>>> print(open('structure.cif').read())   # mmCIF, C-alpha atoms
data_final
loop_
_atom_site.group_PDB
_atom_site.id
_atom_site.type_symbol
_atom_site.label_atom_id
_atom_site.label_comp_id
_atom_site.auth_asym_id
_atom_site.auth_seq_id
_atom_site.Cartn_x
_atom_site.Cartn_y
_atom_site.Cartn_z
ATOM 1 C CA MET A 21 -3.576 -61.395 -67.491
ATOM 2 C CA LYS A 22 -6.040 -58.983 -65.916
ATOM 3 C CA ASN A 23 -3.792 -56.200 -64.682
ATOM 4 C CA ARG A 24 -1.163 -56.217 -67.426
ATOM 5 C CA LYS A 25 -1.697 -52.579 -68.371
ATOM 6 C CA LEU A 26 -1.419 -51.459 -64.747
ATOM 7 C CA LEU A 27 1.666 -53.586 -64.089
ATOM 8 C CA THR A 28 3.278 -52.432 -67.328
ATOM 9 C CA ASP A 29 2.669 -48.813 -66.363
ATOM 10 C CA ILE A 30 4.105 -49.370 -62.880
ATOM 11 C CA PHE A 31 7.243 -51.058 -64.185
ATOM 12 C CA THR A 32 7.631 -48.403 -66.885
ATOM 13 C CA VAL A 33 7.757 -45.779 -64.130
ATOM 14 C CA VAL A 34 10.279 -47.946 -62.218
ATOM 15 C CA LEU A 35 12.345 -48.198 -65.416
ATOM 16 C CA MET A 36 12.287 -44.422 -65.894
ATOM 17 C CA VAL A 37 13.323 -43.839 -62.279
ATOM 18 C CA SER A 38 16.195 -46.296 -62.614
ATOM 19 C CA ILE A 39 17.346 -44.599 -65.835
ATOM 20 C CA VAL A 40 17.335 -41.254 -64.014
ATOM 21 C CA LEU A 41 19.382 -42.821 -61.186
ATOM 22 C CA VAL A 42 21.906 -44.146 -63.739
ATOM 23 C CA LEU A 43 22.234 -40.688 -65.265
ATOM 24 C CA LEU A 44 22.608 -39.063 -61.857
ATOM 25 C CA ALA A 45 25.278 -41.580 -60.905
ATOM 26 C CA TYR A 46 27.235 -40.920 -64.105
ATOM 27 C CA LEU A 47 26.892 -37.175 -63.624
ATOM 28 C CA ASN A 48 28.474 -37.575 -60.155
ATOM 29 C CA ILE A 49 25.466 -36.192 -58.296
ATOM 30 C CA PHE A 50 25.967 -38.827 -55.613
ATOM 31 C CA PRO A 51 29.116 -38.839 -53.450
ATOM 32 C CA GLY A 52 32.051 -40.716 -54.920
ATOM 33 C CA THR A 53 32.614 -41.891 -58.468
ATOM 34 C CA VAL A 54 31.165 -44.779 -60.390
ATOM 35 C CA GLN A 55 34.559 -46.515 -60.541
ATOM 36 C CA ASP A 56 35.160 -46.480 -56.763
ATOM 37 C CA GLU A 57 33.721 -49.617 -55.205
ATOM 38 C CA GLY A 58 31.851 -48.785 -52.037
ATOM 39 C CA SER A 59 30.995 -45.222 -53.040
ATOM 40 C CA VAL A 60 27.365 -44.135 -53.116
ATOM 41 C CA SER A 61 27.464 -43.692 -56.911
ATOM 42 C CA TYR A 62 28.794 -47.217 -57.392
ATOM 43 C CA ILE A 63 26.196 -48.707 -55.020
ATOM 44 C CA VAL A 64 23.310 -46.793 -56.639
ATOM 45 C CA LEU A 65 24.455 -47.844 -60.097
ATOM 46 C CA SER A 66 25.434 -51.453 -59.407
ATOM 47 C CA TYR A 67 22.938 -52.571 -56.808
ATOM 48 C CA ILE A 68 19.871 -50.375 -57.282
ATOM 49 C CA SER A 69 19.343 -48.737 -60.658
ATOM 50 C CA VAL A 70 20.732 -51.291 -63.112
ATOM 51 C CA PRO A 71 19.057 -54.319 -61.466
ATOM 52 C CA LEU A 72 15.752 -52.423 -61.264
ATOM 53 C CA ALA A 73 16.015 -51.512 -64.942
ATOM 54 C CA LEU A 74 16.839 -55.086 -65.963
ATOM 55 C CA VAL A 75 13.983 -56.564 -63.933
ATOM 56 C CA SER A 76 11.538 -53.983 -65.288
ATOM 57 C CA VAL A 77 12.528 -54.598 -68.891
ATOM 58 C CA ALA A 78 12.412 -58.368 -68.411
ATOM 59 C CA LEU A 79 8.925 -58.169 -66.947
ATOM 60 C CA ILE A 80 7.581 -55.734 -69.541
ATOM 61 C CA ASP A 81 9.166 -57.320 -72.629
ATOM 62 C CA LEU A 82 9.334 -61.015 -71.719
ATOM 63 C CA VAL A 83 7.278 -62.176 -68.766
ATOM 64 C CA PHE A 84 4.019 -60.275 -69.280
ATOM 65 C CA PRO A 85 3.698 -61.125 -73.005
ATOM 66 C CA LEU A 86 4.514 -64.782 -72.336
ATOM 67 C CA ILE A 87 1.901 -64.983 -69.582
ATOM 68 C CA ASP A 88 -0.683 -63.228 -71.727
ATOM 69 C CA ASN A 89 -0.032 -65.422 -74.757
ATOM 70 C CA ARG A 90 0.689 -68.765 -73.126
ATOM 71 C CA ALA A 91 -1.884 -70.405 -75.413
ATOM 72 C CA MET A 92 0.317 -69.440 -78.368
ATOM 73 C CA LEU A 93 3.249 -71.385 -76.890
ATOM 74 C CA LYS A 94 1.826 -74.452 -78.643
ATOM 75 C CA GLU A 95 2.861 -72.973 -81.997
ATOM 76 C CA ASN A 96 6.424 -73.646 -83.100
ATOM 77 C CA ALA A 97 6.855 -70.196 -84.671
ATOM 78 C CA TYR A 98 5.926 -68.526 -81.387
ATOM 79 C CA LYS A 99 8.300 -70.790 -79.445
ATOM 80 C CA ILE A 100 11.131 -69.824 -81.798
ATOM 81 C CA LYS A 101 10.339 -66.090 -81.428
ATOM 82 C CA ALA A 102 10.147 -66.394 -77.650
ATOM 83 C CA GLY A 103 13.368 -68.407 -77.491
ATOM 84 C CA ALA A 104 15.227 -65.963 -79.729
ATOM 85 C CA LYS A 105 14.012 -63.021 -77.644
ATOM 86 C CA ILE A 106 15.050 -64.695 -74.395
ATOM 87 C CA VAL A 107 18.500 -65.619 -75.765
ATOM 88 C CA LEU A 108 19.122 -62.105 -77.126
ATOM 89 C CA PHE A 109 17.992 -60.523 -73.863
ATOM 90 C CA ALA A 110 20.245 -62.861 -71.860
ATOM 91 C CA LEU A 111 23.184 -62.129 -74.162
ATOM 92 C CA ALA A 112 22.633 -58.373 -73.817
ATOM 93 C CA VAL A 113 22.447 -58.617 -70.017
ATOM 94 C CA ILE A 114 25.474 -60.915 -69.741
ATOM 95 C CA PHE A 115 27.531 -58.767 -72.105
ATOM 96 C CA GLY A 116 26.457 -55.591 -70.290
ATOM 97 C CA VAL A 117 27.357 -56.963 -66.875
ATOM 98 C CA LEU A 118 30.675 -58.402 -68.049
ATOM 99 C CA PHE A 119 31.681 -55.312 -70.026
ATOM 100 C CA PHE A 120 30.411 -52.459 -67.869
ATOM 101 C CA MET A 121 30.550 -53.882 -64.354
ATOM 102 C CA THR A 122 33.436 -56.335 -64.293
ATOM 103 C CA GLY A 123 35.605 -55.188 -67.208
ATOM 104 C CA VAL A 124 36.144 -58.743 -68.484
ATOM 105 C CA PHE A 125 36.246 -57.568 -72.098
ATOM 106 C CA ALA A 126 38.613 -54.663 -71.369
ATOM 107 C CA THR A 127 41.507 -56.383 -73.137
ATOM 108 C CA LEU A 128 39.418 -57.404 -76.147
ATOM 109 C CA ILE A 129 37.414 -54.201 -76.552
ATOM 110 C CA THR A 130 39.535 -51.173 -75.778
ATOM 111 C CA ASN A 131 37.038 -48.624 -77.115
ATOM 112 C CA ASP A 132 34.015 -48.050 -74.874
ATOM 113 C CA PHE A 133 31.949 -46.959 -77.867
ATOM 114 C CA ILE A 134 32.287 -50.419 -79.430
ATOM 115 C CA GLY A 135 31.223 -52.076 -76.181
ATOM 116 C CA VAL A 136 28.186 -49.822 -75.916
ATOM 117 C CA ALA A 137 27.381 -50.455 -79.587
ATOM 118 C CA ILE A 138 27.469 -54.233 -79.066
ATOM 119 C CA PHE A 139 25.217 -53.988 -76.012
ATOM 120 C CA VAL A 140 22.751 -51.687 -77.789
ATOM 121 C CA ALA A 141 22.711 -53.906 -80.906
ATOM 122 C CA LEU A 142 21.900 -56.983 -78.822
ATOM 123 C CA TYR A 143 19.227 -55.145 -76.876
ATOM 124 C CA ILE A 144 17.607 -53.594 -79.949
ATOM 125 C CA ALA A 145 17.642 -56.963 -81.723
ATOM 126 C CA GLN A 146 15.644 -58.530 -78.881
ATOM 127 C CA PHE A 147 13.420 -55.456 -78.645
ATOM 128 C CA CYS A 148 12.432 -55.822 -82.319
ATOM 129 C CA ILE A 149 10.912 -59.250 -81.640
ATOM 130 C CA ASN A 150 7.319 -58.685 -80.540
ATOM 131 C CA LEU A 151 5.695 -61.503 -78.561
ATOM 132 C CA ASP A 152 2.233 -59.937 -78.615
ATOM 133 C CA PRO A 153 0.003 -60.853 -81.553
ATOM 134 C CA LYS A 154 -0.975 -58.122 -83.970
ATOM 135 C CA PRO A 155 -4.333 -56.633 -83.048
ATOM 136 C CA GLU A 156 -7.221 -57.208 -85.405
ATOM 137 C CA PRO A 157 -7.932 -54.165 -87.569
ATOM 138 C CA ILE A 158 -11.046 -52.305 -86.516
ATOM 139 C CA ASP A 159 -13.559 -51.932 -89.288
ATOM 140 C CA GLU A 160 -15.210 -48.565 -88.876
ATOM 141 C CA THR A 161 -17.372 -48.483 -91.950
ATOM 142 C CA ILE A 162 -20.484 -46.494 -91.315
ATOM 143 C CA GLU A 163 -23.489 -47.397 -93.358
ATOM 144 C CA GLU A 164 -25.421 -44.635 -95.051
ATOM 145 C CA ALA A 165 -28.608 -45.789 -93.368
ATOM 146 C CA ASP A 166 -27.036 -45.163 -89.950
ATOM 147 C CA ILE A 167 -26.045 -41.630 -90.917
ATOM 148 C CA TYR A 168 -29.525 -40.819 -92.217
ATOM 149 C CA ALA A 169 -31.110 -42.356 -89.126
ATOM 150 C CA GLN A 170 -29.079 -39.993 -86.965
ATOM 151 C CA TYR A 171 -30.341 -36.978 -88.928
ATOM 152 C CA ASP A 172 -33.914 -38.313 -88.744
ATOM 153 C CA GLU A 173 -33.633 -38.556 -84.934
ATOM 154 C CA ASP A 174 -32.294 -34.982 -84.758
ATOM 155 C CA ALA A 175 -35.190 -33.751 -86.920
ATOM 156 C CA GLU A 176 -37.720 -35.557 -84.740
ATOM 157 C CA ASP A 177 -36.216 -34.007 -81.610
ATOM 158 C CA GLU A 178 -36.473 -30.505 -83.144
ATOM 159 C CA ALA A 179 -40.072 -31.126 -84.207
ATOM 160 C CA GLU A 180 -40.999 -32.188 -80.682
ATOM 161 C CA GLU A 181 -39.441 -29.058 -79.206
ATOM 162 C CA GLU A 182 -41.626 -26.762 -81.351
#
>>> encode(input="structure.cif", output="structure tokens")
Amino acid sequence: MKNRKLLTDIFTVVLMVSIVLVLLAYLNIFPGTVQDEGSVSYIVLSYISVPLALVSVALIDLVFPLIDNRAMLKENAYKIKAGAKIVLFALAVIFGVLFFMTGVFATLITNDFIGVAIFVALYIAQFCINLDPKPEPIDETIEEADIYAQYDEDAEDEAEEE
């Protein structure tokens, strides 16, 4: 993919902006509270910042690496890594939406800290799976002959100046 770096940078900025919007909504900077449906805080959180963050993370962590490494999809190990990452990401998103937005797990999980911990554990588990291959190590051995040749060129330049 030609413009992966540019697109990754753009969606990283979008992700940062959406995180700032989430924080502003929880700090009650916008009118209304996060719990009141129809308030500006609720709309910014539910319909703008969280979806933008989820789309950005999905593109950066899943879509772009899969497009870049589609030739590796022929390997079973890569398919398993990609499948596990997709399943963990989907579980994190589904759990986050059900717990934070709809309150489905309110009767099962009474402590918000546990709900946040489950969401973070699922997200970090998928984040630890890297779909990009490891880069080849760069061999920067400099031969002695190259070093001496550089000094010889410098000496020749000084001799010409005199």
>>> closest_residue(input="structure.cif", among="A:Ala102, A:Gly116, A:Asn23, A:Ile149", to="Val136 (chain A)", atoms="all atoms listed in the file")
A:Gly116
>>> atom_distance(input="structure.cif", atom1="CA of Leu86 (chain A)", atom2="CA of Leu26 (chain A)")
16.4 Å
>>> residues_around(input="structure.cif", residues="region 46-59 of chain A", least_positions_apart="5", cutoff="12 Å", atoms="only C-alpha atoms", output="list in words")
Ile39, Val40, Leu41, Val64, Leu65, Ser66, Tyr67, Ser69, Phe120, Met121, Thr122 and Gly123 of chain A
>>> resolve_selection(input="structure.cif", expression="the PyMOL selection byres ((chain A and resi 74-84) around 10)", output="PDB file with C-alpha atoms, in the coordinates of the input")
ATOM      1  CA  MET A  21      -3.576 -61.395 -67.491  1.00  0.00           C
ATOM      2  CA  ASN A  23      -3.792 -56.200 -64.682  1.00  0.00           C
ATOM      3  CA  ARG A  24      -1.163 -56.217 -67.426  1.00  0.00           C
ATOM      4  CA  LYS A  25      -1.697 -52.579 -68.371  1.00  0.00           C
ATOM      5  CA  LEU A  27       1.666 -53.586 -64.089  1.00  0.00           C
ATOM      6  CA  THR A  28       3.278 -52.432 -67.328  1.00  0.00           C
ATOM      7  CA  ASP A  29       2.669 -48.813 -66.363  1.00  0.00           C
ATOM      8  CA  ILE A  30       4.105 -49.370 -62.880  1.00  0.00           C
ATOM      9  CA  PHE A  31       7.243 -51.058 -64.185  1.00  0.00           C
ATOM     10  CA  THR A  32       7.631 -48.403 -66.885  1.00  0.00           C
ATOM     11  CA  VAL A  33       7.757 -45.779 -64.130  1.00  0.00           C
ATOM     12  CA  VAL A  34      10.279 -47.946 -62.218  1.00  0.00           C
ATOM     13  CA  LEU A  35      12.345 -48.198 -65.416  1.00  0.00           C
ATOM     14  CA  MET A  36      12.287 -44.422 -65.894  1.00  0.00           C
ATOM     15  CA  SER A  38      16.195 -46.296 -62.614  1.00  0.00           C
ATOM     16  CA  SER A  69      19.343 -48.737 -60.658  1.00  0.00           C
ATOM     17  CA  VAL A  70      20.732 -51.291 -63.112  1.00  0.00           C
ATOM     18  CA  PRO A  71      19.057 -54.319 -61.466  1.00  0.00           C
ATOM     19  CA  LEU A  72      15.752 -52.423 -61.264  1.00  0.00           C
ATOM     20  CA  ALA A  73      16.015 -51.512 -64.942  1.00  0.00           C
ATOM     21  CA  PRO A  85       3.698 -61.125 -73.005  1.00  0.00           C
ATOM     22  CA  LEU A  86       4.514 -64.782 -72.336  1.00  0.00           C
ATOM     23  CA  ILE A  87       1.901 -64.983 -69.582  1.00  0.00           C
ATOM     24  CA  ASP A  88      -0.683 -63.228 -71.727  1.00  0.00           C
ATOM     25  CA  ASN A  89      -0.032 -65.422 -74.757  1.00  0.00           C
ATOM     26  CA  ARG A  90       0.689 -68.765 -73.126  1.00  0.00           C
ATOM     27  CA  ALA A 102      10.147 -66.394 -77.650  1.00  0.00           C
ATOM     28  CA  LYS A 105      14.012 -63.021 -77.644  1.00  0.00           C
ATOM     29  CA  ILE A 106      15.050 -64.695 -74.395  1.00  0.00           C
ATOM     30  CA  PHE A 109      17.992 -60.523 -73.863  1.00  0.00           C
ATOM     31  CA  ALA A 110      20.245 -62.861 -71.860  1.00  0.00           C
ATOM     32  CA  VAL A 113      22.447 -58.617 -70.017  1.00  0.00           C
ATOM     33  CA  GLN A 146      15.644 -58.530 -78.881  1.00  0.00           C
ATOM     34  CA  PHE A 147      13.420 -55.456 -78.645  1.00  0.00           C
ATOM     35  CA  ILE A 149      10.912 -59.250 -81.640  1.00  0.00           C
ATOM     36  CA  ASN A 150       7.319 -58.685 -80.540  1.00  0.00           C
ATOM     37  CA  LEU A 151       5.695 -61.503 -78.561  1.00  0.00           C
ATOM     38  CA  ASP A 152       2.233 -59.937 -78.615  1.00  0.00           C
TER      39      ASP A 152
END
>>> resolve_selection(input="structure.cif", expression="the PyMOL selection byres ((chain A and resi 119) around 12)", output="list in words")
Leu111, Ala112, Val113, Ile114, Phe115, Gly116, Val117, Leu118, Phe120, Met121, Thr122, Gly123, Val124, Phe125, Ala126, Thr127, Leu128, Ile129, Thr130, Asn131, Asp132, Phe133, Ile134, Gly135, Val136, Ala137, Ile138 and Phe139 of chain A
